[in-house]
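Okay, so here's the structure we're looking at.
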Amino acid sequence: MAYDYMREMMRTLLLLIFILFPAVDAYSDAGHDKAHDMSGEKTKMGMHQADNAMQNMKDAGKYEYIRVETPAGFNAVIGTKNHLEELKPVIVIEKGVMIKVFTLTVKDVEFDIFPGKSIKGWGFNGNIPAPIIRVTEGDRVRIILMNDTDTEHTVHVHGQTKPVISDGVPFIGQKGVKKGETHAIEFTVRNIGTSWYHCHVDSAHHVDMGMYGAFIVEPKKEKLEYDREYVYVLDEWPTAHVHMHRETGEGNKEMTAGHDEHSTMTMHEVSEPEHKQMDEKPVKRDWYPETYEPQNKVYDGFTINGRSFPLTEPMLVKEGERVRIRFINSGYQQHFMHVHSHKFIVVARDGSYVNEPQKIDTVGIGPGQRVDIILFADNPGIWPFHCHRLNHVTNEHIYPGGMLMFMKYVK
Amino acid sequence: MAYDYMREMMRTLLLLIFILFPAVDAYSDAGHDKAHDMSGEKTKMGMHQADNAMQNMKDAGKYEYIRVETPAGFNAVIGTKNHLEELKPVIVIEKGVMIKVFTLTVKDVEFDIFPGKSIKGWGFNGNIPAPIIRVTEGDRVRIILMNDTDTEHTVHVHGQTKPVISDGVPFIGQKGVKKGETHAIEFTVRNIGTSWYHCHVDSAHHVDMGMYGAFIVEPKKEKLEYDREYVYVLDEWPTAHVHMHRETGEGNKEMTAGHDEHSTMTMHEVSEPEHKQMDEKPVKRDWYPETYEPQNKVYDGFTINGRSFPLTEPMLVKEGERVRIRFINSGYQQHFMHVHSHKFIVVARDGSYVNEPQKIDTVGIGPGQRVDIILFADNPGIWPFHCHRLNHVTNEHIYPGGMLMFMKYVK
Amino acid sequence: MAYDYMREMMRTLLLLIFILFPAVDAYSDAGHDKAHDMSGEKTKMGMHQADNAMQNMKDAGKYEYIRVETPAGFNAVIGTKNHLEELKPVIVIEKGVMIKVFTLTVKDVEFDIFPGKSIKGWGFNGNIPAPIIRVTEGDRVRIILMNDTDTEHTVHVHGQTKPVISDGVPFIGQKGVKKGETHAIEFTVRNIGTSWYHCHVDSAHHVDMGMYGAFIVEPKKEKLEYDREYVYVLDEWPTAHVHMHRETGEGNKEMTAGHDEHSTMTMHEVSEPEHKQMDEKPVKRDWYPETYEPQNKVYDGFTINGRSFPLTEPMLVKEGERVRIRFINSGYQQHFMHVHSHKFIVVARDGSYVNEPQKIDTVGIGPGQRVDIILFADNPGIWPFHCHRLNHVTNEHIYPGGMLMFMKYVK
């Protein structure tokens, strides 16, 4: 193996600059600009460069990147803090029955899906994903939904058996919950394992807007042995999507007292909307009470717990641990999660125990499905953990990004 | 929980109007028009509104919707009648052998995939999906194909072992069957469970046109115990697809006696064809006898047994029943069928028994695959049953629609 | 069954002409042109025809098609020779340890993905897929990577446990290997069965360019009994993709001594590039050392071992054999492989033995996954073996093509 040590040393120096001044490009912009002056593309490129520089300045220090020194000699960004919250219940006793009460308020959310890309969504309690709800088999659970947005919502718990009126389906079990309203669903928890909850109004749209969270049911007696648990909710996002919200229905009309129906437009980004129906009114249907906008999206953002790399959170493990990972796919595409240099076994599907003793390294999780795995932490290091649809490891089609996080061994 | 009872009452009244006069919008169009007059968009919106109104008038009473009173106080549309036919064989004895003879005639079909959207396809016996063929393990089966369309077809039974000449692959086992011709395939049925049949000429196109049906083989001794059976064939449709058919080949030339080759165009819809090769002749290939059109489609219709919600048929069950559901995916995308508030187990894959005792609630069925499940009807009510790729629960990108049906408990 | 024997005889004659003169269209072009003269589309169609004719002339004899006489009376093209190479190691002994050394050189590759469609890619040792690396459980393996292209690369072995520095991830375990450089990874093989290797630089792009191959680990004691083995690597290709390569980084600058940064463009085809960022510089990111182009592709080529039908190689079997097939999905879409008139069982997933005794006929292989099956060759004939996403059985959307090969019984 032939190495040019001088070149390596210079490269290392440049990388040190890169590492020490993360908001400044490691490779001199001046040099690039000069090159482009000579290529006659100065004006456009210059502006583009300037935009980038400004964006970089704006972003400087915005994200608290977690870095590690790698064996290759880099101080590599491996993520940011993005921990899932867990929602603590209020315990009430009614007629001698203990009820665990969880209150969720839907709020407008604006967040950076990846550096420089702001997204608007709706979040239960303002979080995307929503906070984890964790209960025990046999618990009586009440979920109170409040709404602080202009659009109707409900909460539906996927994977749990319950009465129709607590299933969260609008027009079937309840009415959509309007701004300022409150509605409760209640049921006894019968199905163990990893479930999830999401909004069921105009689902194809609202789930896409980030209205989902883990609903975990601990069995009375856990059969599995593990040392650590992680919950990962997978999703895709249309980063260039123009979200349109038209306030319709007599309910909204009353609320907007004296105002006519109107449209508001929320832009995920201004460039290239996929649909251009702004000047058309949605077609009313004689077989459904509400009208919704068409949702024809192009997905170019891919998230683990609502963030794309490098805003994903590293997964910390200790050597020798058995790590239970609960994958929930809240998106509309199947994802194939793969971890480098490790094997794992599937221990539960849709919450129920399964017996798949074989070791695999790439597991498919379909839309709506949950797959629990146990990973054996037996190979210390820093390891990529990502979807192996490699075009999902991109942000706006640029590698790396998307559904990528790092598994890092700690002492 | 704070309720504004007056508002609720008014809403209920409006909904009653909606329910009683399904062809009339529940919410006054006049009010909308007024709003748009003020916004200066009158002309366009007015015309659009008028179109909608006319469409609604035209559709009024066209579909015999099935409605149920829901706990939420709605008289909700939960589907229409759309039952799969089962094809009875003619029994013949040849040389002492009993043969079950099924005759299928391919016909041009035009049907509404969802309200207001007409689609042209090809159907075995004029049905999409084709009628169920049900036989018993060990049967001798003959399928006679007749063709009443301008395009060649064959019938191929997927999942059944047979001689090459009865496999339905054009140029390999037989010639394509032209208009007016008849061709028979014959084989002894060896593989139990859920198979399916489809055309194998220009398959990517012909299967997309609806040429598929269930082929069910009852075992001599059924291991499974169940009380009721449903068969669901899943597919996606390009509702805006412009179907082009060019009559080519010397065979057609003879039939069109004295006419030159010509093109006919069948529009699924006039707007926005995905491909615009109308003025180009398909490239001939020196390695295949026939030339076909490119099929580059955008799928925005999603069907269970050939219909999108609300034209899907409700699935009726009784409390306590074990319901065997045979899913067949005749489309080109994987689907993930989920039922609310119930669990099921997978009992067969591609026709063969499997042992997957764990309960799941969302099952993936890949293109060409069959998955049989047994669902335990233990939670009376009205429950959505749908693909959890939620963008498949839409019609032309508008929720709800697509691969959604309702499971309804009956006495 | 009514047959028009005269018509059949004429057709057979025409087909004989087709078969004997494969570069000449079976059906007279003159006749077509005449038809189009009459339709007034002469000029355009004529030119198009001329182009086709020229292409056919150019291609005549270019591909050595394998043909079989079929029961239907055709001399059908069933593929070409396209056998996977197996890379023999050099054995070295270092400090008493035997090491199997494999040397891979990345080269620019240009090949026909299907007749008339040339593709540019990068190939390990100039092959797409790369040659099979076959070792035994417990072997010490060294893979030396050399690079003869203008872009950095690495080699990563998916499914094998190893130290970080031998994992092939740029910036983590090593630096990208530049043109003219050499880099070795080394590890002891611990995971049996079907693994694979691929480049890990700008993976979403480089794997798409064909940088993948099988890495097979024979167990010390094979539990499975089989008579024959085939390895099939599945992938999708963007045949209209315009590949852009911009040489960036201080490393490249040194190499291009005195030249400014420049762009080179590699066209898969000149028509309709999907992205048009040619005039924009890729956005630099303060969290990653390198900049890459966006890769937003439309996949319309589908390959088994790097070729689409009819350039796929037929799979030869003998009656009575148990055939082990190792599927590796190196693409970004799931594929569903189906063989006509046969059943098979899944015997390994991601290299590890599994116990799925049921017979199936259509198996899904997700991106990154490996599925080993054993197929029972019990039904002599010529049988299509293809992905049942039937739109994957096309070349540029035209059926047949893509992920289709023929299984042929031989004596």
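Residue numbering restarts at 1 in every chain; chains get A, B, ... in the order shown in the structure tokens, and ligands count up from 1 in that same order.
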Check your understanding: Using only C-alpha atoms, which chain C residues lie at most 6 Å away from chain B, written as a list of chain:residue names?
Key ->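 Every residue of chain C that passes the 6 Å test is in C:Met1, C:Pro22, C:Ala23, C:Ala35, C:Thr70, C:Pro71, C:Ala72, C:Phe74, C:Val77, C:Ser341, C:His342, C:Gln358, C:Lys359, C:Ile360, C:Thr362, C:His388, C:Arg389, C:Leu390, C:Asn391, C:His397, C:Ile398, C:Tyr399.
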Selection to disk with N, CA and C atoms, as a PDB file, in the first residue's frame:
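Result file out38.pdb:
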ATOM      1  N   MET C   1     -62.409 -26.817 -30.794  1.00  0.00           N
ATOM      2  CA  MET C   1     -61.399 -25.814 -31.157  1.00  0.00           C
ATOM      3  C   MET C   1     -61.253 -25.691 -32.666  1.00  0.00           C
ATOM      4  N   PRO C  22     -32.810 -12.956 -38.092  1.00  0.00           N
ATOM      5  CA  PRO C  22     -33.217 -12.252 -36.869  1.00  0.00           C
ATOM      6  C   PRO C  22     -33.019 -10.740 -36.933  1.00  0.00           C
ATOM      7  N   ALA C  23     -32.116 -10.255 -37.791  1.00  0.00           N
ATOM      8  CA  ALA C  23     -31.881  -8.815 -37.818  1.00  0.00           C
ATOM      9  C   ALA C  23     -32.888  -8.110 -38.714  1.00  0.00           C
ATOM     10  N   ALA C  35     -48.481   2.193 -45.212  1.00  0.00           N
ATOM     11  CA  ALA C  35     -49.627   2.543 -44.380  1.00  0.00           C
ATOM     12  C   ALA C  35     -49.482   3.959 -43.850  1.00  0.00           C
ATOM     13  N   THR C  70     -39.708 -24.220 -29.309  1.00  0.00           N
ATOM     14  CA  THR C  70     -40.724 -24.340 -28.267  1.00  0.00           C
ATOM     15  C   THR C  70     -41.874 -25.200 -28.756  1.00  0.00           C
ATOM     16  N   PRO C  71     -42.608 -25.789 -27.814  1.00  0.00           N
ATOM     17  CA  PRO C  71     -43.783 -26.580 -28.188  1.00  0.00           C
ATOM     18  C   PRO C  71     -44.753 -25.793 -29.068  1.00  0.00           C
ATOM     19  N   ALA C  72     -44.731 -24.470 -28.973  1.00  0.00           N
ATOM     20  CA  ALA C  72     -45.657 -23.664 -29.770  1.00  0.00           C
ATOM     21  C   ALA C  72     -45.153 -23.475 -31.194  1.00  0.00           C
ATOM     22  N   PHE C  74     -42.090 -22.120 -32.116  1.00  0.00           N
ATOM     23  CA  PHE C  74     -41.207 -20.975 -32.298  1.00  0.00           C
ATOM     24  C   PHE C  74     -39.774 -21.370 -31.994  1.00  0.00           C
ATOM     25  N   VAL C  77     -35.969 -16.871 -28.597  1.00  0.00           N
ATOM     26  CA  VAL C  77     -34.801 -16.374 -27.873  1.00  0.00           C
ATOM     27  C   VAL C  77     -35.059 -16.542 -26.380  1.00  0.00           C
ATOM     28  N   SER C 341     -44.738 -23.029 -12.734  1.00  0.00           N
ATOM     29  CA  SER C 341     -44.972 -24.481 -12.630  1.00  0.00           C
ATOM     30  C   SER C 341     -44.025 -25.212 -11.683  1.00  0.00           C
ATOM     31  N   HIS C 342     -43.438 -24.479 -10.752  1.00  0.00           N
ATOM     32  CA  HIS C 342     -42.571 -25.096  -9.752  1.00  0.00           C
ATOM     33  C   HIS C 342     -42.811 -24.446  -8.400  1.00  0.00           C
ATOM     34  N   GLN C 358     -42.775 -24.733   4.240  1.00  0.00           N
ATOM     35  CA  GLN C 358     -43.862 -24.643   3.258  1.00  0.00           C
ATOM     36  C   GLN C 358     -43.323 -24.309   1.881  1.00  0.00           C
ATOM     37  N   LYS C 359     -44.028 -24.790   0.900  1.00  0.00           N
ATOM     38  CA  LYS C 359     -43.678 -24.520  -0.481  1.00  0.00           C
ATOM     39  C   LYS C 359     -44.330 -23.211  -0.907  1.00  0.00           C
ATOM     40  N   ILE C 360     -43.558 -22.364  -1.546  1.00  0.00           N
ATOM     41  CA  ILE C 360     -44.115 -21.147  -2.118  1.00  0.00           C
ATOM     42  C   ILE C 360     -43.684 -21.070  -3.577  1.00  0.00           C
ATOM     43  N   THR C 362     -43.468 -17.578  -5.080  1.00  0.00           N
ATOM     44  CA  THR C 362     -43.163 -16.174  -5.334  1.00  0.00           C
ATOM     45  C   THR C 362     -42.530 -15.608  -4.067  1.00  0.00           C
ATOM     46  N   HIS C 388     -42.424 -10.731 -10.224  1.00  0.00           N
ATOM     47  CA  HIS C 388     -43.856 -10.598 -10.475  1.00  0.00           C
ATOM     48  C   HIS C 388     -44.387  -9.189 -10.269  1.00  0.00           C
ATOM     49  N   ARG C 389     -43.509  -8.240 -10.047  1.00  0.00           N
ATOM     50  CA  ARG C 389     -43.908  -6.855 -10.306  1.00  0.00           C
ATOM     51  C   ARG C 389     -43.796  -6.764 -11.821  1.00  0.00           C
ATOM     52  N   LEU C 390     -44.873  -7.005 -12.521  1.00  0.00           N
ATOM     53  CA  LEU C 390     -44.778  -7.262 -13.963  1.00  0.00           C
ATOM     54  C   LEU C 390     -44.226  -6.055 -14.715  1.00  0.00           C
ATOM     55  N   ASN C 391     -44.315  -4.878 -14.111  1.00  0.00           N
ATOM     56  CA  ASN C 391     -43.679  -3.729 -14.760  1.00  0.00           C
ATOM     57  C   ASN C 391     -42.155  -3.797 -14.632  1.00  0.00           C
ATOM     58  N   HIS C 397     -40.086   0.214 -20.247  1.00  0.00           N
ATOM     59  CA  HIS C 397     -41.548   0.095 -20.155  1.00  0.00           C
ATOM     60  C   HIS C 397     -42.169  -0.814 -21.213  1.00  0.00           C
ATOM     61  N   ILE C 398     -41.352  -1.479 -22.008  1.00  0.00           N
ATOM     62  CA  ILE C 398     -41.904  -2.359 -23.040  1.00  0.00           C
ATOM     63  C   ILE C 398     -41.687  -3.824 -22.666  1.00  0.00           C
ATOM     64  N   TYR C 399     -42.771  -4.581 -22.653  1.00  0.00           N
ATOM     65  CA  TYR C 399     -42.761  -6.003 -22.339  1.00  0.00           C
ATOM     66  C   TYR C 399     -42.402  -6.795 -23.578  1.00  0.00           C
TER      67      TYR C 399
END
Practice item. Write out as an MDAnalysis selection string each polymer residue whose atoms come within 6 Å of Cys199 in chain A, counting only C-alpha atoms; drop sequence neighbours fewer than 5 positions from it. Key: chainID A and resid 154:156 211
Point to revise | Atomic distance CA of Lys221 in chain C - CA of Thr194 in chain C, expressed in Å with one decimal | key: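 Computing it gives 14.9 Å between the two atoms.
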**Study point:** Residue neighbourhood range 304-314 of chain A, 7 Å, only C-alpha atoms, exclusion window fewer than 6 positions, as a list of chain:residue names
**Key:**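 Residues near the query, excluding close chain neighbours: A:Ile78, A:Gly79, A:Thr80, A:Lys81, A:Asn82, A:His83, A:Ile113, A:Phe114, A:Ile128, A:Pro129, A:Tyr232, A:Val233, A:Leu234, A:Asp235, A:Gly401, A:Gly402, A:Met403, A:Leu404, A:Met405, A:Phe406, A:Met407, A:Lys408.
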Exercise for review: Could you check how far CA of Glu321 in chain A sits from CA of Ala377 in chain A, in Å to one decimal?
Suggested key: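 Computing it gives 5.3 Å between the two atoms.
When only C-alpha atoms are used to compute distances to Val323 in chain B, the closest of the residues B:Tyr226, B:Trp122, B:Phe336, B:Phe344 turns out to be B:Tyr226.
Put simply, CA of Val135 in chain C is 10.3 Å away from CA of Lys220 in chain C.
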Review point. So which residues of range 293-392 of chain A fall under strand (DSSP E) by DSSP, listed as a ChimeraX atom specification?
Key: /A:301-304,315-317,322-329,335-339,344-349,352-360,362-365,370-376,382-387
Print the selection's residues with C-alpha atoms to a file, as a PDB file, in the first residue's frame.
ATOM      1  CA  GLY A 301     -37.041  13.150   3.123  1.00  0.00           C
ATOM      2  CA  PHE A 302     -36.659   9.950   5.157  1.00  0.00           C
ATOM      3  CA  THR A 303     -36.778  10.044   8.919  1.00  0.00           C
ATOM      4  CA  ILE A 304     -36.034   8.009  12.020  1.00  0.00           C
ATOM      5  CA  MET A 315     -27.972   4.797  19.388  1.00  0.00           C
ATOM      6  CA  LEU A 316     -25.744   4.124  22.378  1.00  0.00           C
ATOM      7  CA  VAL A 317     -25.003   0.590  23.516  1.00  0.00           C
ATOM      8  CA  ARG A 322     -28.974  -7.344  24.288  1.00  0.00           C
ATOM      9  CA  VAL A 323     -30.716  -4.350  22.749  1.00  0.00           C
ATOM     10  CA  ARG A 324     -34.417  -4.497  22.015  1.00  0.00           C
ATOM     11  CA  ILE A 325     -35.353  -2.236  19.148  1.00  0.00           C
ATOM     12  CA  ARG A 326     -38.993  -1.503  18.435  1.00  0.00           C
ATOM     13  CA  PHE A 327     -39.455  -0.399  14.819  1.00  0.00           C
ATOM     14  CA  ILE A 328     -42.729   1.237  13.865  1.00  0.00           C
ATOM     15  CA  ASN A 329     -43.380   2.134  10.253  1.00  0.00           C
ATOM     16  CA  HIS A 335     -38.208   0.158   4.903  1.00  0.00           C
ATOM     17  CA  PHE A 336     -35.338  -2.293   5.261  1.00  0.00           C
ATOM     18  CA  MET A 337     -33.263  -1.524   8.316  1.00  0.00           C
ATOM     19  CA  HIS A 338     -29.711  -2.782   8.295  1.00  0.00           C
ATOM     20  CA  VAL A 339     -26.917  -2.457  10.827  1.00  0.00           C
ATOM     21  CA  PHE A 344     -30.133  -9.600  15.175  1.00  0.00           C
ATOM     22  CA  ILE A 345     -33.213 -11.753  15.564  1.00  0.00           C
ATOM     23  CA  VAL A 346     -36.859 -10.807  15.146  1.00  0.00           C
ATOM     24  CA  VAL A 347     -38.706 -11.316  18.441  1.00  0.00           C
ATOM     25  CA  ALA A 348     -42.112  -9.736  17.818  1.00  0.00           C
ATOM     26  CA  ARG A 349     -44.316  -8.692  14.921  1.00  0.00           C
ATOM     27  CA  SER A 352     -46.958 -10.449  19.408  1.00  0.00           C
ATOM     28  CA  TYR A 353     -44.019 -12.694  20.163  1.00  0.00           C
ATOM     29  CA  VAL A 354     -42.674 -14.683  17.275  1.00  0.00           C
ATOM     30  CA  ASN A 355     -40.087 -17.359  17.109  1.00  0.00           C
ATOM     31  CA  GLU A 356     -37.610 -16.563  14.360  1.00  0.00           C
ATOM     32  CA  PRO A 357     -34.376 -17.879  15.810  1.00  0.00           C
ATOM     33  CA  GLN A 358     -32.312 -17.222  12.690  1.00  0.00           C
ATOM     34  CA  LYS A 359     -29.975 -14.279  12.633  1.00  0.00           C
ATOM     35  CA  ILE A 360     -30.542 -11.673   9.964  1.00  0.00           C
ATOM     36  CA  THR A 362     -31.637  -6.477   7.157  1.00  0.00           C
ATOM     37  CA  VAL A 363     -35.271  -6.441   8.233  1.00  0.00           C
ATOM     38  CA  GLY A 364     -38.264  -5.196   6.269  1.00  0.00           C
ATOM     39  CA  ILE A 365     -40.926  -3.214   8.119  1.00  0.00           C
ATOM     40  CA  ARG A 370     -44.116  -3.104  13.925  1.00  0.00           C
ATOM     41  CA  VAL A 371     -41.096  -5.335  14.142  1.00  0.00           C
ATOM     42  CA  ASP A 372     -39.183  -5.842  17.384  1.00  0.00           C
ATOM     43  CA  ILE A 373     -35.669  -7.152  17.150  1.00  0.00           C
ATOM     44  CA  ILE A 374     -32.994  -8.080  19.646  1.00  0.00           C
ATOM     45  CA  LEU A 375     -29.530  -7.020  18.571  1.00  0.00           C
ATOM     46  CA  PHE A 376     -26.455  -8.485  20.186  1.00  0.00           C
ATOM     47  CA  ILE A 382     -19.170   3.099  15.478  1.00  0.00           C
ATOM     48  CA  TRP A 383     -21.586   1.505  13.045  1.00  0.00           C
ATOM     49  CA  PRO A 384     -24.015   2.856  10.469  1.00  0.00           C
ATOM     50  CA  PHE A 385     -27.629   1.776  10.992  1.00  0.00           C
ATOM     51  CA  HIS A 386     -29.737   2.623   7.983  1.00  0.00           C
ATOM     52  CA  CYS A 387     -32.441   1.698   5.529  1.00  0.00           C
TER      53      CYS A 387
END
